[in-house]
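Reproduced below: input06.cif, with mmCIF, C-alpha atoms.
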data_data
loop_
_atom_site.label_atom_id
_atom_site.label_comp_id
_atom_site.auth_asym_id
_atom_site.auth_seq_id
_atom_site.Cartn_x
_atom_site.Cartn_y
_atom_site.Cartn_z
CA MET A 1 -7.64 -120.32 -33.85
CA MET A 2 -4.02 -120.57 -32.78
CA TYR A 3 -2.31 -123.86 -32.27
CA GLN A 4 0.59 -124.31 -29.89
CA TYR A 5 2.87 -127.24 -30.45
CA ASN A 6 4.85 -128.71 -27.61
CA PHE A 7 8.01 -130.67 -28.22
CA GLY A 8 9.51 -132.27 -25.16
CA GLY A 9 7.27 -130.37 -22.78
CA ARG A 10 8.46 -126.95 -24.04
CA ASN A 11 6.54 -124.42 -26.12
CA VAL A 12 8.16 -123.81 -29.52
CA ASN A 13 7.68 -120.04 -29.25
CA GLN A 14 9.54 -119.81 -25.95
CA PHE A 15 13.19 -118.73 -25.85
CA PRO A 16 15.40 -120.89 -23.61
CA GLY A 17 15.98 -119.21 -20.28
CA GLY A 18 12.95 -116.93 -20.55
CA GLY A 19 13.54 -113.18 -20.24
CA LEU A 20 17.03 -113.62 -18.79
CA GLY A 21 18.03 -115.83 -21.72
CA CYS A 22 16.79 -113.20 -24.17
CA PHE A 23 18.72 -110.50 -22.36
CA LEU A 24 21.94 -112.54 -22.33
CA PHE A 25 21.52 -113.38 -26.01
CA ALA A 26 21.04 -109.66 -26.84
CA ILE A 27 24.19 -108.74 -24.89
CA LEU A 28 26.12 -111.50 -26.66
CA LEU A 29 24.82 -110.28 -30.03
CA ILE A 30 25.84 -106.66 -29.31
CA VAL A 31 29.34 -107.66 -28.16
CA GLY A 32 29.80 -109.93 -31.18
CA GLY A 33 28.65 -107.17 -33.51
CA TYR A 34 31.08 -104.74 -31.91
CA TYR A 35 34.04 -107.07 -32.45
CA LEU A 36 32.90 -107.82 -36.00
CA LEU A 37 32.67 -104.11 -36.88
CA GLN A 38 36.00 -103.43 -35.18
CA GLY A 39 37.70 -106.12 -37.25
CA LEU A 40 36.08 -104.82 -40.44
CA TYR A 41 37.19 -101.28 -39.52
CA TYR A 42 40.85 -102.33 -39.16
CA LEU A 43 40.71 -104.34 -42.37
CA LEU A 44 39.23 -101.43 -44.29
CA LEU A 45 41.70 -99.03 -42.67
CA TRP A 46 44.51 -100.85 -44.46
CA ALA A 47 42.54 -101.18 -47.69
CA ALA A 48 41.19 -97.58 -47.77
CA PRO A 49 43.92 -96.03 -49.96
CA ALA A 50 43.63 -98.84 -52.50
CA LEU A 51 39.83 -98.51 -52.51
CA LEU A 52 40.05 -94.77 -53.18
CA VAL A 53 42.53 -95.29 -56.02
CA LEU A 54 40.34 -98.02 -57.53
CA ALA A 55 37.31 -95.74 -57.24
CA ALA A 56 39.20 -93.01 -59.11
CA VAL A 57 40.28 -95.47 -61.81
CA ILE A 58 36.81 -96.98 -62.27
CA ASN A 59 34.94 -93.65 -62.41
CA TRP A 60 36.57 -90.43 -61.30
CA ARG A 61 33.20 -88.57 -61.42
CA VAL A 62 32.33 -90.09 -58.05
CA PHE A 63 34.46 -87.58 -56.16
CA PRO A 64 33.08 -84.35 -57.70
CA ASP A 65 29.53 -85.69 -57.45
CA THR A 66 30.01 -86.47 -53.75
CA ILE A 67 31.44 -83.01 -53.10
CA LYS A 68 28.56 -81.35 -55.01
CA SER A 69 26.07 -83.38 -53.01
CA TRP A 70 27.76 -82.38 -49.77
CA ILE A 71 27.71 -78.67 -50.78
CA ARG A 72 23.99 -78.90 -51.66
CA THR A 73 23.36 -80.44 -48.25
CA MET A 74 25.34 -77.64 -46.61
CA GLU A 75 23.17 -75.05 -48.41
CA SER A 76 19.86 -76.67 -47.49
CA SER A 77 20.66 -77.84 -43.95
CA PRO A 78 24.10 -76.92 -42.62
CA VAL A 79 23.86 -79.03 -39.48
CA SER A 80 23.15 -82.19 -41.46
CA GLY A 81 25.98 -81.36 -43.88
CA LEU A 82 28.47 -80.87 -41.05
CA LEU A 83 27.34 -84.07 -39.37
CA SER A 84 27.77 -86.04 -42.60
CA LEU A 85 31.26 -84.57 -43.08
CA ALA A 86 32.22 -85.42 -39.49
CA LEU A 87 30.87 -88.94 -39.94
CA ALA A 88 32.84 -89.36 -43.18
CA VAL A 89 36.03 -88.31 -41.38
CA LEU A 90 35.41 -90.49 -38.32
CA VAL A 91 34.58 -93.63 -40.27
CA PHE A 92 36.96 -92.94 -43.16
CA PRO A 93 37.51 -96.65 -44.00
CA PHE A 94 33.78 -97.20 -44.43
CA PHE A 95 33.55 -93.96 -46.44
CA SER A 96 36.29 -95.20 -48.79
CA LEU A 97 34.35 -98.46 -49.23
CA TYR A 98 31.24 -96.36 -49.97
CA MET A 99 33.12 -94.39 -52.63
CA PHE A 100 34.40 -97.61 -54.22
CA LEU A 101 30.92 -99.13 -54.31
CA LYS A 102 29.49 -95.88 -55.67
CA ALA A 103 32.06 -95.94 -58.50
CA LEU A 104 31.08 -99.52 -59.30
CA GLY A 105 27.43 -98.47 -59.31
CA TYR A 106 28.16 -95.58 -61.70
CA ARG A 107 29.98 -97.96 -64.01
CA LYS A 108 27.09 -100.43 -63.96
CA MET A 109 24.59 -97.62 -64.66
CA GLU A 110 26.66 -96.53 -67.67
CA GLN A 111 26.60 -100.09 -68.98
CA ILE A 112 22.84 -100.31 -68.52
CA ARG A 113 22.35 -96.92 -70.15
CA LYS A 114 24.42 -98.01 -73.15
CA GLU A 115 22.60 -101.30 -73.40
CA PHE A 116 19.05 -99.99 -73.19
CA GLY A 117 19.31 -96.31 -74.07
CA ASP A 118 21.43 -96.41 -77.24
CA ARG A 119 20.01 -99.38 -79.10
CA GLU A 120 19.59 -97.44 -82.32
CA GLY A 121 22.89 -95.60 -82.09
CA TYR A 122 21.65 -92.10 -81.29
CA THR A 123 21.50 -90.05 -78.15
CA ARG A 124 18.76 -87.73 -77.01
CA ALA A 125 20.99 -84.66 -77.41
CA GLU A 126 21.47 -85.37 -81.12
CA GLU A 127 17.77 -85.96 -81.72
CA GLU A 128 16.25 -83.57 -84.26
CA TYR A 129 12.77 -82.16 -84.20
CA ALA A 130 10.30 -83.38 -86.77
CA ASP A 131 8.63 -80.93 -89.15
CA PHE A 132 4.98 -80.31 -88.47
CA GLU A 133 2.07 -78.52 -90.03
CA GLU A 134 -0.54 -76.72 -88.01
CA ILE A 135 -4.07 -77.80 -88.92
CA GLU A 136 -7.20 -75.90 -88.02
CA SER A 137 -9.72 -77.92 -86.12
CA THR A 138 -13.31 -77.38 -85.16
CA PRO A 139 -15.17 -79.26 -82.48
CA LYS A 140 -17.47 -82.05 -83.70
CA SER A 141 -20.51 -80.70 -81.91
CA THR A 142 -21.17 -77.70 -79.78
CA PRO A 143 -22.69 -78.28 -76.39
CA LYS A 144 -26.25 -77.03 -75.99
CA VAL A 145 -26.47 -73.93 -73.88
CA GLU A 146 -29.51 -73.55 -71.72
CA GLU A 147 -31.08 -70.25 -72.54
CA GLU A 148 -33.43 -70.15 -69.59
CA ILE A 149 -32.24 -70.15 -66.05
CA PRO A 150 -34.50 -72.31 -63.90
CA PRO A 151 -36.40 -70.34 -61.26
CA PRO A 152 -35.06 -70.57 -57.73
CA PRO A 153 -36.87 -72.94 -55.38
CA PRO A 154 -39.58 -71.32 -53.29
CA ALA A 155 -38.54 -70.14 -49.86
CA GLN A 156 -39.70 -72.46 -47.13
CA GLU A 157 -41.32 -71.18 -44.02
CA LYS A 158 -39.42 -71.49 -40.80
CA PRO A 159 -41.02 -73.88 -38.32
CA PRO A 160 -42.14 -72.58 -34.96
CA LYS A 161 -39.51 -72.52 -32.27
CA GLY A 162 -40.74 -75.60 -30.49
CA GLN A 163 -40.60 -77.92 -33.54
CA ASN A 164 -37.56 -79.55 -35.07
CA PRO A 165 -37.60 -79.30 -38.92
CA TYR A 166 -35.82 -82.64 -39.24
CA ASP A 167 -38.47 -84.66 -37.42
CA THR A 168 -40.32 -85.26 -40.68
CA PHE A 169 -37.34 -86.94 -42.31
CA PHE A 170 -37.38 -89.99 -40.07
CA ASN A 171 -41.09 -90.85 -40.11
#
Please re-express this file's structure in structure tokens.
Amino acid sequence: MMYQYNFGGRNVNQFPGGGLGCFLFAILLIVGGYYLLQGLYYLLLWAAPALLVLAAVINWRVFPDTIKSWIRTMESSPVSGLLSLALAVLVFPFFSLYMFLKALGYRKMEQIRKEFGDREGYTRAEEEYADFEEIESTPKSTPKVEEEIPPPPPAQEKPPKGQNPYDTFFN
């Protein structure tokens, strides 16, 4: 059962102004988002060189990894690779922010890897194989093999054309 509460004669689920109010609010939201993104774009446009330099200082491996990823995309689907390159050029300030955040993420992953992966002071590459000895084993018990093959079931006669063979199942 659904309950509807009314406060002041108006349904709580109703948007003020009805459909027109929703439409005006959506237009206002889109225009506000446009101006917000435009302001962020101009702010990042000025900060882009500093963000790229900081990304190179934090972890320079971000740039070769991004280029390798782009080349792999070009090999698998060239249209998608070209679109991603064009997008990176068109929204260069946001791309520089992406590179900076990716460098920070790489740095954090290295810290986590050092914290959890190298607790005992060794790496997987330096790990040595343990000596082993091959031991013969025999199964505990052998499964019983049936020596006789059961006879096939007797062939059933076909019913006359007028009868349905499945009628007997539902009696």
Just how far from CA of Leu87 (chain A) is CA of Leu101 (chain A), in Å to one decimal? 17.6 Å
Using only C-alpha atoms, which residue out of A:Leu20, A:Ile27, A:Leu104, A:Ile149 lies closest to Leu52 (chain A)? A:Leu104
One decimal, in Å: what's the spacing between CA of Leu43 (chain A) and CA of Leu90 (chain A)?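 Separation between CA of Leu43 (chain A) and CA of Leu90 (chain A): 15.4 Å.
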Residue nearest Lys68 (chain A) among A:Tyr98, A:Gly81, A:Lys108, A:Gln156 (counting only C-alpha atoms):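 Answer, going by the shortest atom-to-atom distance: A:Gly81.
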Name all residues at most 10 Å from Leu44 (chain A) (count all atoms listed in the file; drop same-chain ones fewer than 5 positions away) and give them as a PDB file with C-alpha atoms, keeping the file's coordinate frame.
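Heads up, here's the output in result_31.pdb:
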ATOM      1  CA  GLN A  38      36.000-103.430 -35.180  1.00  0.00           C
ATOM      2  CA  GLY A  39      37.700-106.120 -37.250  1.00  0.00           C
ATOM      3  CA  PRO A  49      43.920 -96.030 -49.960  1.00  0.00           C
ATOM      4  CA  ALA A  50      43.630 -98.840 -52.500  1.00  0.00           C
ATOM      5  CA  LEU A  51      39.830 -98.510 -52.510  1.00  0.00           C
ATOM      6  CA  VAL A  91      34.580 -93.630 -40.270  1.00  0.00           C
ATOM      7  CA  PHE A  92      36.960 -92.940 -43.160  1.00  0.00           C
ATOM      8  CA  PRO A  93      37.510 -96.650 -44.000  1.00  0.00           C
ATOM      9  CA  PHE A  94      33.780 -97.200 -44.430  1.00  0.00           C
ATOM     10  CA  PHE A  95      33.550 -93.960 -46.440  1.00  0.00           C
ATOM     11  CA  SER A  96      36.290 -95.200 -48.790  1.00  0.00           C
ATOM     12  CA  LEU A  97      34.350 -98.460 -49.230  1.00  0.00           C
TER      13      LEU A  97
END
With only C-alpha atoms as the counted atoms, please give the residues lying no more than 12 Å from Leu85 (chain A), apart from itself and same-chain residues fewer than 3 positions off, as a list in words.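 These residues fall inside the cut-off: Thr66, Ile67, Ser69, Trp70, Ile71, Thr73, Met74, Pro78, Val79, Ser80, Gly81, Leu82, Ala88, Val89, Leu90, Val91, Phe92 and Phe95 of chain A.
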Draw an axis-aligned box over all listed atoms of region 107-110 of chain A, pad each side with 8 Å, and write its centre and edge lengths in Å, one decimal, as JSON.
{"center_x": 27.3, "center_y": -98.5, "center_z": -65.8, "size_x": 21.4, "size_y": 19.9, "size_z": 19.7}
Considering all atoms listed in the file, can you say which of A:Phe170, A:Phe116, A:Tyr106, A:Tyr129 comes closest to Arg61 (chain A)?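 Of all the options, A:Tyr106 lies closest to Arg61 (chain A).
The gap separating CA of Leu37 (chain A) from CA of Ile58 (chain A) is 26.7 Å, in Å to one decimal.
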Can you fill out region 50-61 of chain A with all heavy atoms and hand it back as a JSON list (two decimals), in the coordinates of the input?
[["chain", "number", "residue", "atom", "x", "y", "z"],
["A", 50, "ALA", "N", 43.82, -98.07, -51.27],
["A", 50, "ALA", "CA", 43.63, -98.84, -52.50],
["A", 50, "ALA", "C", 42.20, -98.69, -53.00],
["A", 50, "ALA", "O", 41.97, -98.58, -54.22],
["A", 50, "ALA", "CB", 43.96, -100.31, -52.26],
["A", 51, "LEU", "N", 41.22, -98.67, -52.10],
["A", 51, "LEU", "CA", 39.83, -98.51, -52.51],
["A", 51, "LEU", "C", 39.59, -97.15, -53.15],
["A", 51, "LEU", "O", 38.87, -97.04, -54.14],
["A", 51, "LEU", "CB", 38.89, -98.71, -51.31],
["A", 51, "LEU", "CG", 38.75, -100.13, -50.79],
["A", 51, "LEU", "CD1", 37.91, -100.14, -49.52],
["A", 51, "LEU", "CD2", 38.15, -101.03, -51.84],
["A", 52, "LEU", "N", 40.21, -96.10, -52.59],
["A", 52, "LEU", "CA", 40.05, -94.77, -53.18],
["A", 52, "LEU", "C", 40.69, -94.68, -54.56],
["A", 52, "LEU", "O", 40.13, -94.07, -55.48],
["A", 52, "LEU", "CB", 40.63, -93.72, -52.24],
["A", 52, "LEU", "CG", 39.82, -93.47, -50.96],
["A", 52, "LEU", "CD1", 40.53, -92.48, -50.06],
["A", 52, "LEU", "CD2", 38.43, -92.98, -51.29],
["A", 53, "VAL", "N", 41.86, -95.30, -54.71],
["A", 53, "VAL", "CA", 42.53, -95.29, -56.02],
["A", 53, "VAL", "C", 41.70, -96.08, -57.03],
["A", 53, "VAL", "O", 41.52, -95.64, -58.17],
["A", 53, "VAL", "CB", 43.97, -95.84, -55.90],
["A", 53, "VAL", "CG1", 44.58, -96.10, -57.25],
["A", 53, "VAL", "CG2", 44.84, -94.89, -55.10],
["A", 54, "LEU", "N", 41.19, -97.23, -56.63],
["A", 54, "LEU", "CA", 40.34, -98.02, -57.53],
["A", 54, "LEU", "C", 39.07, -97.26, -57.90],
["A", 54, "LEU", "O", 38.61, -97.33, -59.05],
["A", 54, "LEU", "CB", 40.00, -99.36, -56.89],
["A", 54, "LEU", "CG", 41.11, -100.40, -56.87],
["A", 54, "LEU", "CD1", 40.69, -101.61, -56.05],
["A", 54, "LEU", "CD2", 41.48, -100.80, -58.29],
["A", 55, "ALA", "N", 38.51, -96.53, -56.95],
["A", 55, "ALA", "CA", 37.31, -95.74, -57.24],
["A", 55, "ALA", "C", 37.63, -94.66, -58.27],
["A", 55, "ALA", "O", 36.84, -94.40, -59.18],
["A", 55, "ALA", "CB", 36.76, -95.11, -55.97],
["A", 56, "ALA", "N", 38.80, -94.05, -58.14],
["A", 56, "ALA", "CA", 39.20, -93.01, -59.11],
["A", 56, "ALA", "C", 39.46, -93.61, -60.48],
["A", 56, "ALA", "O", 39.17, -92.99, -61.50],
["A", 56, "ALA", "CB", 40.43, -92.28, -58.60],
["A", 57, "VAL", "N", 40.00, -94.82, -60.53],
["A", 57, "VAL", "CA", 40.28, -95.47, -61.81],
["A", 57, "VAL", "C", 38.98, -95.91, -62.48],
["A", 57, "VAL", "O", 38.79, -95.73, -63.69],
["A", 57, "VAL", "CB", 41.23, -96.67, -61.62],
["A", 57, "VAL", "CG1", 41.31, -97.53, -62.86],
["A", 57, "VAL", "CG2", 42.61, -96.18, -61.22],
["A", 58, "ILE", "N", 38.06, -96.47, -61.71],
["A", 58, "ILE", "CA", 36.81, -96.98, -62.27],
["A", 58, "ILE", "C", 35.96, -95.84, -62.80],
["A", 58, "ILE", "O", 35.48, -95.87, -63.93],
["A", 58, "ILE", "CB", 36.04, -97.81, -61.21],
["A", 58, "ILE", "CG1", 36.80, -99.09, -60.93],
["A", 58, "ILE", "CG2", 34.63, -98.11, -61.68],
["A", 58, "ILE", "CD1", 36.25, -99.88, -59.78],
["A", 59, "ASN", "N", 35.74, -94.80, -61.98],
["A", 59, "ASN", "CA", 34.94, -93.65, -62.41],
["A", 59, "ASN", "C", 35.32, -92.47, -61.53],
["A", 59, "ASN", "O", 34.88, -92.37, -60.39],
["A", 59, "ASN", "CB", 33.45, -93.95, -62.31],
["A", 59, "ASN", "CG", 32.60, -92.93, -63.00],
["A", 59, "ASN", "OD1", 33.09, -91.84, -63.33],
["A", 59, "ASN", "ND2", 31.36, -93.25, -63.24],
["A", 60, "TRP", "N", 36.08, -91.55, -62.09],
["A", 60, "TRP", "CA", 36.57, -90.43, -61.30],
["A", 60, "TRP", "C", 35.46, -89.43, -60.97],
["A", 60, "TRP", "O", 35.60, -88.61, -60.07],
["A", 60, "TRP", "CB", 37.70, -89.71, -62.03],
["A", 60, "TRP", "CG", 37.26, -89.07, -63.32],
["A", 60, "TRP", "CD1", 37.19, -89.65, -64.54],
["A", 60, "TRP", "CD2", 36.81, -87.73, -63.48],
["A", 60, "TRP", "NE1", 36.72, -88.76, -65.46],
["A", 60, "TRP", "CE2", 36.47, -87.56, -64.84],
["A", 60, "TRP", "CE3", 36.65, -86.65, -62.61],
["A", 60, "TRP", "CZ2", 36.00, -86.37, -65.34],
["A", 60, "TRP", "CZ3", 36.17, -85.46, -63.13],
["A", 60, "TRP", "CH2", 35.85, -85.33, -64.48],
["A", 61, "ARG", "N", 34.30, -89.50, -61.65],
["A", 61, "ARG", "CA", 33.20, -88.57, -61.42],
["A", 61, "ARG", "C", 32.55, -88.76, -60.05],
["A", 61, "ARG", "O", 31.75, -87.93, -59.63],
["A", 61, "ARG", "CB", 32.12, -88.75, -62.50],
["A", 61, "ARG", "CG", 32.53, -88.40, -63.89],
["A", 61, "ARG", "CD", 32.83, -86.95, -64.10],
["A", 61, "ARG", "NE", 31.78, -86.08, -63.62],
["A", 61, "ARG", "CZ", 31.93, -84.80, -63.38],
["A", 61, "ARG", "NH1", 33.09, -84.22, -63.57],
["A", 61, "ARG", "NH2", 30.94, -84.07, -62.95]]
